[in-house]
Each structure stands twice: as structure tokens, then as C-alpha cells.
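Okay, structure first, notes after.
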Number of protein chains: 4
Amino acid sequence: MAGNTYGKIFKITTYGESHGKGIGVVIDGCPANIPITEEEIALELDRRRPGQSAIVTQRKESDTPFIMTGVFEGVTTGMPINIFIPNEDQRSKDYSHIADKYRPSHADYTYQVKYGVRDYRGGGRSSARETAARVAAGAVAKKILLQYGVTVNAFVSQVGNITLPNDAYPIQTNLIESNIVRCPHGPTAQKMEDLIREVRKDGDTIGGVISCIIEGCPPGLGEPVFDRLHADLGKAMLSINAVKGFEYGEGFKAATMRGSDHNDAFVNENDKIVTKTNHSGGIQGGISNGMPIFFNVAFKPVATIVTAQESVDMEGNATSVEGKGRHDPCVVPRAVPIVESMAAITILDHLLRNKVYH
Amino acid sequence: MAGNTYGKIFKITTYGESHGKGIGVVIDGCPANIPITEEEIALELDRRRPGQSAIVTQRKESDTPFIMTGVFEGVTTGMPINIFIPNEDQRSKDYSHIADKYRPSHADYTYQVKYGVRDYRGGGRSSARETAARVAAGAVAKKILLQYGVTVNAFVSQVGNITLPNDAYPIQTNLIESNIVRCPHGPTAQKMEDLIREVRKDGDTIGGVISCIIEGCPPGLGEPVFDRLHADLGKAMLSINAVKGFEYGEGFKAATMRGSDHNDAFVNENDKIVTKTNHSGGIQGGISNGMPIFFNVAFKPVATIVTAQESVDMEGNATSVEGKGRHDPCVVPRAVPIVESMAAITILDHLLRNKVYH
Amino acid sequence: MAGNTYGKIFKITTYGESHGKGIGVVIDGCPANIPITEEEIALELDRRRPGQSAIVTQRKESDTPFIMTGVFEGVTTGMPINIFIPNEDQRSKDYSHIADKYRPSHADYTYQVKYGVRDYRGGGRSSARETAARVAAGAVAKKILLQYGVTVNAFVSQVGNITLPNDAYPIQTNLIESNIVRCPHGPTAQKMEDLIREVRKDGDTIGGVISCIIEGCPPGLGEPVFDRLHADLGKAMLSINAVKGFEYGEGFKAATMRGSDHNDAFVNENDKIVTKTNHSGGIQGGISNGMPIFFNVAFKPVATIVTAQESVDMEGNATSVEGKGRHDPCVVPRAVPIVESMAAITILDHLLRNKVYH
Amino acid sequence: MAGNTYGKIFKITTYGESHGKGIGVVIDGCPANIPITEEEIALELDRRRPGQSAIVTQRKESDTPFIMTGVFEGVTTGMPINIFIPNEDQRSKDYSHIADKYRPSHADYTYQVKYGVRDYRGGGRSSARETAARVAAGAVAKKILLQYGVTVNAFVSQVGNITLPNDAYPIQTNLIESNIVRCPHGPTAQKMEDLIREVRKDGDTIGGVISCIIEGCPPGLGEPVFDRLHADLGKAMLSINAVKGFEYGEGFKAATMRGSDHNDAFVNENDKIVTKTNHSGGIQGGISNGMPIFFNVAFKPVATIVTAQESVDMEGNATSVEGKGRHDPCVVPRAVPIVESMAAITILDHLLRNKVYH
């Protein structure tokens with residue numbers, strides 16, 4: 001049953017495979033009269049693009065977006081916006097050696113079982129390349145959110161065991177793009193970069209964590225009891241390739257806390273009701289309370305490694321699989337705009353959902 | 001915009017408030033010809049019921065379920081099943097003292113902002129009482145899953161800083177109900193119980209973690225790219241009151257691992273393809289691979305505490321709020337059947353979704 | 001796959017069978033702060049109630065609605081509203097003679113084939129009794145629409161071959177309830193009543209047409225390309241028991257017309273753009289244009305007749321079926337509030353959908 | 001709120017405007033392993049294509065479909081299928097004269113009111129050109145239905161006042177494509193063609209009716225109470241440009257009939273339960289009963305006529321509008337494949353929905 005659509009009002013449907021003609025997204029329900037250009041979308045895609053720095057995959061793809069429909073004389077018309085990103089490298093021969101093998105911890109086996117057929121070229125649709133379409137839609141969502149004063153900033157907060165030190169807080173979002181890791185704390189970013197280089201030298205990969213802060217979000221977003229704002233943010237994040245966990249506010253740490261420490265007292269600050277602390281992470285009862293929203297997303301290490309690994313082929317015979325060059329040693333630097341995009345799409349969708357009450 | 005429905009094929013819509021006539025659930029899309037009785041549903045509700053043990057709230061509610069529709073001559077007919085659970089304690093006077101105040105870290109403020117009105121009696125619909133309706137629906141889902149050989153077992157794996165020791169693994173699910181904490185390791189359960197009693201004596205509350213294992217799940221469940229099986233499990237868990245985090249497989253620990261350690265090698269075991277390890281947690285590419293599925297859910301400490309807390313009233317004036325008796329010092333023992341129910345509903349829904357391919 | 005929910009924002013889910021404990025509806029997404037009482041709902045149910053006049057079924061049912069949830073201190077809270085209507089006559093013995101037979105042109109056979117089981121008592125859920133739940137929800141929708149200045153009036157425009165004469169136009173909606181047929185033209189109403197009495201004397205039934213006028217609808221409602229306003233109105237009407245056709249504006253007559261006769265010229269009337277004629281029926285390009293919306297709905301004759309009819313039983317053996325008393329000779333007088341309700345729910349749903357643009 | 005998606009399992013989302021880069025459709029939920037080629041899709045598009053005969057618009061468009069994604073090595077993979085049809089004639093200058101005017105009975109005014117902006121070139125997205133995308137998706141649906149033995153045939157049954165005579169029944173579907181009107185009765189087709197030519201000579205347009213027969217449909221399709229099979233067919237048809245009415249089985253004629261004439265007796269024919277007559281039109285209680293399904297769809301006359309018509313401009317000033325060449329004098333000959341496509345998509349979607357029960 002179709003699972004390629006996300007959102008209820010600002011609805012995105014992504015399509016396309018890693019090595020076919022291209023990938024893209026149809027945005028249905030985008031507000032009208034929003035100015036948007038291919039250049040603005042390209043800026044966000046560049047942050048996700050392969051080959052952007054020394055610590056990511058060196059595949060050459062320019063990821064040029066084409067607005068095919070839904071924009072007329074420079075503004076959105078309320079009609080479906082189809083953004084298409086052609087694939088440049090369509091060589092499928094690189095993948096013939098794994099056409100009948102199941103790569104460990106990839107989606108090869110499960111896709112084959114589910115659909116009875118699969119596009120083995122670079123994982124086909126299960127490739128993280130699909131997320132470029134989300135970033136294109138996210139660029140539109142972020143632009144609209146800005147009109148409402150909402151900003152979405154994600155950054156790398158952990159690579160392997162390297163985490164942000166206390167003096168990195170409060171996060172300086174203007175530092176995020178100052179290094180290739182996208183970590184807003186210079187010395188930590190350097191350590192992370194060193195670790196990633198070391199891991200790559202070993203032909204291995206490493207996991208990490210991306211954190212996200214949403215500021216300026218008005219109170220009232222979120223639709224209990226099931227479509228709580230954080231439940232939809234969680235689903236959005238968990239739908240990204242390689243994500244293994246999601247927590248917001250104090251997250252798993254809250255399990256260790258007492259109510260007297262965790263509760264956020266309400267105070268009246270210049271005729272605005274705010275909380276003194278923000279252990280809740282900006283969401284209470286599933287609805288935003290006007291404080292900053294923040295959450296963490298855990299990524300596993302990339303499954304493609306250079307070392308030979310034990311596996312089976314489609315006939316069930318034991319075999320061996322080894323990755324061939326050009327893969328990311330660590331996914332988090334390039335995943336930052338993906339996290340931002342899915343967060344922006346979710347917040348915008350809920351902002352539009354909330355309009356029916358007013 | 002309506003958010004009280006969950007599921008696409010096995011769809012549940014819950015209704016009702018903490019202190020009105022009652023709460024309930026309409027299940028639409030339940031398969032026909034399934035034998036189901038009110039007694040079976042009551043058994044699950046008893047596990048969530050207040051007053052069940054010394055470490056939970058001492059409110060007196062029997063939580064008796066009535067199957068109002070959709071069952072004829074003992075079996076489901078494929079028509080909507082409405083299960084109604086009357087409220088026994090409808091006294092609203094207990095809550096007059098908070099009618100115009102916002103309890104810290106409750107949903108009072110956000111509901112007021114969003115809807116412009118709220119049922120202040122016990123939190124109204126934002127009360128965790130709503131989850132009893134989910135447990136009723138979960139009882140039906142679990143019964144159907146059993147016909148497919150799928151079992152869902154949740155248990156308490158952490159209270160405060162007390163966690164399961166290594167020798168608690170592999171989990172003995174038959175021990176879960178052997179103690180009032182629902183922790184499948186006797187000595188740890190005792191420590192957790194002691195902590196909960198101590199916290200209550202302090203008029204305080206404490207958080208915890210519930211873990212869940214799903215066994216017998218066939219490969220092929222999950223609908224990429226957005227409706228990945230774990231994304232829907234995550235959303236289901238995050239939609240439960242007080243949940244702050246979700247992780248599956250290695251979860252946040254995966255962020256620290258290398259690919260060579262995290263990858264699960266495929267092997268052929270008696271003509272069945274399995275993985276040697278299960279770091280993936282039974283899901284790859286968003287689709288179940290036939291291995292056990294497991295995940296963790298973090299719960300914050302209950303917001304209602306006896307101590308006086310700083311807050312504001314509806315006019316924005318500073319005020320003070322203090323909880324009045326009869327609340328849980330720790331939510332996880334009673335939340336175990338809620339986690340199981342939402343997991344069962346999600347898995348059954350995906351199992352039915354997957355039928356369209358065959 | 002669940003089909004008991006209608007609407008996207010103002011969502012109704014009906015439940016219940018003809019001879020079980022009762023029927024009802026859960027409204028999810030109802031705006032908050034709307035005053036609503038059981039009495040107001042009962043007024044609409046009375047228009048659909050059996051036994052209301054000499055030309056409808058003489059079954060005795062009072063159809064008393066109970067607001068179970070979602071209303072607090074007299075107003076809606078934005079939470080799900082569950083309205084329950086108990087069944088008074090639950091005697092199933094009346095139906096034992098058809099328990100294993102398929103009544104011609106009823107849903108007995110198709111339900112049995114689809115679900116493998118059915119509630120044979122009075123048709124179970126396929127009974128038109130289900131529509132009482134829609135009328136309850138419609139009462140809420142109509143009340144909200146009134147706040148926006150929108151009125152919905154349906155009436156009987158045809159019974160058998162008796163149609164409204166030209167001098168019945170423009171329709172005087174205040175006359176609709178002046179006779180038991182609900183036809184806003186006295187002399188025609190009398191002819192219709194005579195025909196219905198004659199048909200009943202023959203132990204037979206007769207079809208008819210209900211027309212509906214929606215006034216005060218703002219321009220802009222409707223969501224092309226698939227959720228055109230009239231497409232959703234059409235689906236809503238076709239989902240009512242016994243409906244065989246839907247047309248709006250000139251309807252089937254438009255097939256015989258020339259563009260030069262059918263087109264509606266735009267004119268500026270006191271700074272408001274209106275059309276000189278209204279062949280379009282108030283909807284252009286699937287979106288309301290501010291003119292009155294009108295449509296016709298064709299109902300087939302009730303399938304239950306007194307005469308013996310040829311049929312088969314569940315084993316496929318030839319058998320005979322004959323109706324036992326207490327059924328409507330003509331469904332249209334009682335179906336008027338059903339048409340109004342489904343129209344009101346559809347218009348309100350679209351009015352709320354349209355809010356996301358503003 | 002987004003309205004460009006149709007279907008629940010076999011879901012289509014159309015995009016694109018009359019004079020932009022092109023139009024297309026994303027099919028999500030298409031079964032895997034279905035062989036499909038661009039040539040097969042082109043065959044159906046040719047039946048809808050402008051310029052195909054002397055009685056349709058003489059615009060030159062080849063309507064070449066490109067399968068962009070979702071098909072690998074000749075078969076569908078279960079992934080989203082994006083079919084793109086480039087626009088060849090993108091000249092927008094032809095439309096500058098109506099850029100600020102509202103064409104009578106077109107969607108210009110309602111789109112402007114709803115979205116605050118519109119693509120005035122040829123109606124933009126409100127143009128019937130959008131339906132080419134539906135025909136592309138319908139070609140896929142029809143191919144899959146054939147594997148289940150289901151055929152869908154539509155034909156022109158009325159143009160103006162010219163209707164099919166009795167001796168045209170039973171319909172000979174092999175004659176549908178034997179003339180340019182797509183009427184399966186030669187002499188009537190000739191009269192219709194003459195009328196269309198005459199109407200065009202007058203610079204005018206004329207309405208018509210398309211009928212559709214679905215054979216081989218298994219019993220059990222349709223999801224009461226709201227998603228009745230005919231309710232979804234009705235919505236699908238009413239979502240097509242220019243459609244004003246839908247009826248199935250006896251349709252509006254049923255309003256004039258008695259139950260004793262309308263009821264369909266069940267009989268056992270070679271161990272298969274069938275009905276002796278088929279007044280029901282193959283659907284009872286909203287569920288297919290295995291008999292042929294048939295329905296009629298009324299189309300209004302095309303709104304674009306050569307004669308000058310009274311209207312207003314965007315500032316509300318009185319003005320005059322006249323059509324410029326190249327429009328259809330009668331839409332029904334080209335709309336036959338559109339009706340078939342929407343019918344096929346609806347039946348396939350319900351066929352897949354019904355799988356969850358088995």
C-alpha cells in the first residue's frame with residue numbers, strides 16, 4: 001500500500017530511483033502566491049550534494065532542480081509543484097556484481113521479499129538519493145515558514161563517541177556551516193572530521209547524531225491524540241534512511257529524572273506566557289507551547305563498507321559482498337539539510353492544519 | 001484538524017474524556033469472523049487499570065468494556081466495532097481549584113491556546129485515561145495477530161537510573177507479569193519498586209523506559225519511503241502520553257558504532273534467510289526482515305506532584321499549583337499494555353496493508 | 001478496507017446496526033466553542049424518524065440522541081463528539097425467516113460474499129437506519145453553517161411520475177415542512193401522497209427524487225482536480241441507501257443544450273460579481289462561485305415489498321422471499337433530512353478545508 | 001487543501017498545466033511485476049488526443065508519454081511510476097487577451113477567488129488537458145484489470161437530443177472505435193457527427209452523454225457505508241471536466257419505478273448466483289454482485305464559443321469575451337477514454353482494497 005506521500009495539507013509525494021532518469025517530488029497543497037526559484041532550491045540541494053567536501057562520497061552529481069509545474073510568473077499558484085532532479089550517473093554496470101546478492105544491512109533482501117522484484121542499481125529507490133527530493137520540498141517549506149517567523153536549524157551533535165561539550169551551548173547556529181562536518185563548535189568539529197577520516201582509511205563507516213532547533217514556532221500546533229506534533233516529527237525523522245532513534249526535549253534522559261526537576265514552571269513575561277525552563281522541548285500534550293522545539297536524531301553507520309562481508313544470494317547460497325568506493329564514511333554531515341527539510345515540512349503542515357480552527 | 005484516528009486499514013478512532021460519561025474506541029476495518037468477547041478485552045484493561053497494585057494511583061475504576069456494535073453471534077462482522085468504557089468517577093468538583101490555572105508540564109495551557117476552551121476535569125481528553133481505549137483496541141489486534149503467530153511483549157527495562165543487568169537477557173517474557181513493576185528480572189524489579197515507593201513518599205514522581213519485543217512477524221511489512229515500519233511504530237509510541245523518545249535496534253547506541261560492527265550478515269538457516277546478529281532490530285530499509293523486532297520507549301516523570309509549583313492562571317497572573325493525591329508516582333508499570341497495544345495495532349495494520357500485494 | 005468515515009476535516013465515522021444495542025457517530029474535527037444540545041439534534045432526527053406520518057413505516061422508534069463526549073458546559077471542545085442513539089426494538093426473531101435467504105435487491109448477498117458473515121436482523125448495518133447517525137452529525141454541521149450564513153434545504157421534487165409544475169418555482173422553502181411528503185407545492189404534495197397510499201395498498205413501493213438548494217455559500221469552496229465540490233456532493237449523496245443518480249445545475253439536461261444557451265454571463269451587481277443565469281448550479285471548475293448551489297438525487301423504490309419474490313438461499317437453492325409489514329412505501333419523505341445532512345457535512349468540510357488558504 | 005490525488009491503494013496524483021512544460025501523473029501503489037510500455041500508454045492517449053478527427057479541436061499535440069520512474073527492465077517495481085507528457089504548444093501569447101477577463105462558465109473566476117492567482121494560459125490546470133494524465137494512469141489500470149478478467153468499455157450514447165435507439169442494445173463494444181464519434185451504432189453515429197458539424201458551423205458547442213459498461217468484475221468490491229462502489233465511481237466521473245450528472249443501473253428512471261418492477265430476482269445458474277434482471281446495475285448495497293456494472297455520465301456543452309459573450313474583468317468592469325478557434329464543438333468523443341480511465345482506476349483501487357479481507 002502506497003507509502004510515498006507525507007503530510008496532510010502540505011503533501012509531498014517523492015518518486016524516482018538512484019540510477020533511473022531522475023528523482024523528484026510533487027508538492028500538493030502548497031499555498032499560492034509564494035515566490036520561489038530553482039536557484040533557492042539548488043542552494044539547499046548543494047548542502048546535501050555528493051562531492052561537496054573531502055569527508056563525503058566523491059560521486060559527481062550536480063543535483064540541478066527543475067520546477068516543472070505549479071509556478072507561474074515566479075510565484076506558486078496553489079497547483080501541484082513538480083520538482084525534477086535528473087540523474088547524471090545512470091551507469092548500471094557498476095552494480096551487476098550485486099544484482100543477485102543481498103548486501104548486509106541494506107534493503108536488498110526486504111525489497112525483494114516484499115515486491116518480488118527490485119532495482120538493484122545502487123539500491124534503486126531505497127537509496128538515500130531519494131532524500132534529495134525531500135530537500136527540494138523542504139526548501140519550499142522553509143521559505144514559507146520564514147514568512148511566519150519560524151526558523152529550522154539542524155547540526156551535527158555527535159559522531160561516534162565525540163559529543164558536544166557544555167561550552168557549545170547555547171548553540172550558535174551561525175557556526176553550523178562554518179565547517180564541513182556542520183558542527184557548530186569548531187574544536188569538536190575538527191575532532192569529528194579527524195575521526196571520519198580515520199574511519200574511512202579503515203574502509204569502515206561510523207554513526208552519529210543530528211540535533212535540530214525550531215524557533216519562532218507559534219503555540220497551538222499539533223493534533224492530539226495521535227497526531228501530536230512530536231509524534232509527527234518523530235515519524236518524519238524515522239522515515240529518513242539510516243535513522244534509528246528520535247527523542248525530543250529531555251528525551252531518554254527524562255527517564256532518569258524526577259517530576260520536580262523535569263516540570264517547567266509557567267511565568268508571565270511581558271504579557272506572554274512562557275516557561276522558566278524548557279525540559280519539555282517546546283511541546284506539551286502534543287501541542288507546541290511557543291518555546292523553542294528541539295530534538296535529536298540517531299543515525300547508524302552506513303552499511304556499505306569496503307571489507308568483505310558474509311551474505312547470501314537470491315538462491316540462498318552463501319556468498320561474499322564488498323562495497324566499491326564512492327560511499328560516505330559518515331552520513332550525518334550531508335543529512336543535516338534532510339533533517340531540516342523533514343522538520344520544516346512537518347511544522348508547515350501542522351501550521352496549515354491549525355488554520356482550520358481560526 | 002482531526003487527529004483522533006490511527007491506522008490506515010485497521011483504523012481506530014478514540015473518543016471521550018477523563019470525567020465525562022466515558023471513553024471508547026471505534027475500530028473500523030477489523031477483519032470479519034474473529035471471535036472476541038468483553039472478557040478478553042477486560043483482561044488487558046485490568047493490566048492498565050488504576051488501583052491494581054500498591055505502586056500505582058489508588059483511584060477506583062473498574063474499567064469495564066462494553067462491545068456496543070460490530071460483533072454478532074460472538075464474531076466480528078467487518079462492521080465498525082464500538083467499545084465503550086463508562087467513567088465511574090465523574091466528580092468534577094475535585095478539579096475546580098485548577099479550573100483556571102495551568103498545571104506545569106500538563107496540556108492545560110496548550111489546549112486552551114489551541115481550542116479556546118478545555119475540559120479542566122482531570123485533563124479532560126488530554127488525560128492518560130484516553131489510553132484505555134487504545135488498550136481495548138489493542139486486545140482485539142493482539143488476538144488477531146496470534147492467529148498469524150505474532151506475539152507482542154512489552155516490559156519495564158528502566159526506572160530512574162535502575163536498568164536491567166546483562167543477566168536479564170535474553171528476556172524471559174513469562175516473568176513480566178510476575179511482579180507489580182512488570183520487569184522480567186526479579187531482583188531488578190524489587191529495586192525499581194523500592195525506588196517508586198521512595199519517590200512517592202517524597203511526593204514526587206520518576207521516569208522510566210519500556211522495551212518491547214515482537215516475535216513471529218513475517219518479512220515484508222512496512223511501506224517505504226515514508227511509512228517505514230519503524231517510523232509508524234515510532235509515531236505510535238510517541239503518541240502515548242508522557243513519551244519523550246523512541247529507538248529501535250541499536251538505537252542511539254548505533255551512533256557510536258562502526259559499520260563493520262553494526263552490519264548483520266545474512267545466512268541461510270534451514271532454507272530460511274536469517275541474520276547472524278540483529279543490530280537492525282528486525283527492520284531493514286523500513287521493512288521487517290523476519291527477525292525479532294525490538295524497541296525502547298522513554299517516559300518522562302508524571303507531571304502531577306504534591307509539592308507546590310509556580311505557574312500562572314488564565315488571566316496571566318502568577319499563582320501556585322499543587323497536585324492532590326491519587327496519581328501515579330511512576331507511569332511505566334501501567335503503560336506496559338499501552339505500548340503493547342499500540343505496537344499490536346501498528347503491526348496488524350501493516351500486515352493488512354501488505355495483503356494488497358498478494 | 002474501512003469505509004465508515006466521511007470528510008477530511010469535519011470527519012464523521014458512523015457505527016452500529018439496525019438491531020444491536022444502537023447506532024451512532026463520532027465527529028472528529030468539529031470546531032470548538034459551538035453550543036449544541038441533544039434537543040437540537042433530536043429535532044432533526046424527528047424528521048427522519050419512523051412512524052412520523054401515515055405514509056411512512058409504522059415501526060415505533062423514538063430515536064433519542066445522547067451526546068456522550070466532546071461537549072463540556074454546553075459547548076463543543078474540539079474533541080471527538082460521540083452521539084449515541086439506542087435501538088429500542090432489538091427483537092431479532094422477526095428476521096429468522098430470512099436469516100439464510102438473500103432478499104432481492106437488498107445487500108444480503110453482497111455482504112455475505114464480501115465479509116463471509118452478516119447480521120441478518122433487518123439488514124444489520126446495511127439498513128437505512130444507519131443514516132440516523134448521519135442526521136445527528138448533520139444537525140451539528142447545519143448549526144455551524146448557519147453561523148456562516150449558509151442554509152441547506154432539501155425537498156421532494158418527484159414521486160413516481162409526479163413532478164413539480166413550473167409554478168412551484170422559485171421554491172418556497174418555508175412550505176417544505178407544511179405537508180407529510182415534504183414537497184413545497186401543496187397540490188403536488190397531495191398527488192404524491194395519494195400515489196404513495198395507492199402503492200402501499202398494492203403492497204408495492206415507488207421511487208422518487210429529492211432536490212436540494214444551498215444558499216449563502218461563499219465562493220472558493222472545492223478542491224480541484226479530484227475533490228471538486230460537486231464531486232464530493234455527488235459521492236455524499238450516492239453513499240445514501242437507495243440512491244441511483246446525482247446531477248447538479250442543469251444536470252442531464254445539459255447534455256441536450258448548446259453552449260450559447262448554457263453559459264452563465266458574469267455581471268457586476270453592486271460590486272459583487274454574480275452570474276445572470278445559473279445553469280452551472282453555483283459551481284464552476286469544481287469551485288463554488290457564490291451563486292445558489294442546487295442538485296437532484298434519484299432514489300429507487302424500496303426493495304422490501306409484500307409480494308413473494310423469487311430468490312436463492314445461502315446454499316444456492318431456489319426459494320421465495322416476501323416482506324413483512326412496517327416498511328416504507330416510498331423513501332423520499334423521510335430521506336429529506338438525510339440529503340440535507342450529507343450536504344451540510346460536505347459544505348462544512350469544504351468550508352473548513354478552504355481555511356488553510358487564508 | 002490538496003485535491004490532486006485520487007484512490008486509496010492505487011493512488012494517482014496528477015500535476016501540470018495546459019501551457020507549462022508539461023503534465024503528468026505519479027502512480028503510487030501500483031502492483032509490482034506488471035509489464036508496461038510507453039507504447040501501450042500512447043495508444044490510449046491517442047484516443048484522447050486533439051486533432052484525431054474532423055470533429056474535434058484541431059490543435060496539434062502528439063501527447064507522447066515518458067515513463068520516468070517505477071519501471072525497471074520492462075516491469076513495474078512497486079515504486080512510484082511517474083509518467084510525463086511534455087506540452088508542445090507553450091505559446092502563451094494567444095491568451096493575453098483573456099488574462100484579466102473571466103470567461104463565462106469557465107473556472108477563471110473561481111480559481112482567481114480561491115487562490116488569488118491563476119495561470120490564464122488556456123485555463124492552466126483547470127484545462128481539460130489535465131485529463132491526459134488520467135488516461136495515462138488509466139492505461140496502466142486497464143492492463144492490470146485485464147489480468148483479472150475485467151474489461152471497461154465506454155461509448156457515446158447521446159449528443160444533444162440524439163440518443164441510441166432500442167436496436168443498439170445489447171451494445172456491440174467492438175463497434176465503438178468504428179467511427180469518430182465513438183458511438184457503437186453506425187446510423188446514430190452519423191446523425192451525431194452531422195449535429196456536431198452543424199453546431200461547429202454555428203460557432204457553438206453541444207453537450208452529450210457517455211455510457212460505460214464494466215464486465216467481469218468479481219462480486220465483493222465496494223466499502224460501505226461511505227465508500228460504496230458506485231459512490232466512488234460517481235465521484236470519479238464528477239471529477240472530470242464538464243460533467244454534470246452521474247447515474248448507475250436504472251438511474252433517474254428508477255425514481256419512476258415500482259419495487260416489483262425494479263427488484264432483481266436471484267437465481268442459481270450453474271452453481272453461480274446471478275440476477276435474472278440487472279436493474280441494479282451490478283451493485284447492491286454499495287458492493288458489486290458479479291453482474292455487469294453500467295452507468296451514464298452527462299457532459300455539458302463546452303464553454304468556449306466563438307460568439308461574443310457578456311462578462312467582467314478582474315476589476316469588475318463589464319467586458320466581452322469571445323473564443324478563438326481550435327476548441328472542441330462537443331467533448332464526448334474525446335472524453336470516452338477519460339471515462340474508461342477513471343472507471344478502471346476506481347475498480348482496480350477497490351479490487352486491491354478488497355484484498356485485505358482475504
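Chains: A, B, ... in order of the C-alpha cells. Residues: from 1 per chain. Ligands: from 1, in order shown.
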
What residues in chain B lie within 8 Å of chain C, counting only C-alpha atoms, written as a PyMOL selection string? chain B and resi 1-4+9-11+14-17+20-23+26+28-30+32-33+68-70+72+77-82+115-119+125

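These are the residues of region 87-124 of chain A assigned helix (DSSP H, G or I) by DSSP from backbone coordinates: Lys93, Asp94, Tyr95, Ser96, His97, Ile98, Asp108, Tyr109, Thr110, Tyr111, Gln112, Val113, Lys114, Tyr115, Arg121, Gly122, Gly123 and Gly124 of chain A.
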
Given only C-alpha atoms, how would the per-residue table for region 143-208 of chain B near region 238-250 of chain B read, listing every residue at most 12 Å away with its closest atom pair and distance in Å to one decimal, sorted by chain and number, as JSON lines?
```
{"residue": "B:Ile206", "atom": "CA", "partner": "B:Ala242", "partner_atom": "CA", "distance": 11.4}
{"residue": "B:Gly207", "atom": "CA", "partner": "B:Ala242", "partner_atom": "CA", "distance": 9.1}
{"residue": "B:Gly208", "atom": "CA", "partner": "B:Val243", "partner_atom": "CA", "distance": 9.6}
```

List the neighbours of region 44-46 of chain A out to 9 Å using only C-alpha atoms; skip same-chain residues closer than 3 positions along the sequence, and give me the result as an MDAnalysis selection string. chainID A and resid 40:41 49:50 52 62:65 132:133 135:136 138:139 337

Would you kindly return, as a count of residues only, each protein, DNA or RNA residue with an atom no farther than 9 Å from any atom of Thr205 (chain B), considering only C-alpha atoms and excluding same-chain residues fewer than 4 positions away? 16

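The space between CA of Ile213 (chain A) and CA of Asn153 (chain A) spans 5.4 Å.
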
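The list of residues with at least one atom within 12 Å of Asn174 (chain B), based on only C-alpha atoms and without residues fewer than 5 positions apart in the same chain, reads Asn153, Ala154, Phe155, Asn179, Arg182, Cys183, Pro184, His185 and Gly186 of chain B.
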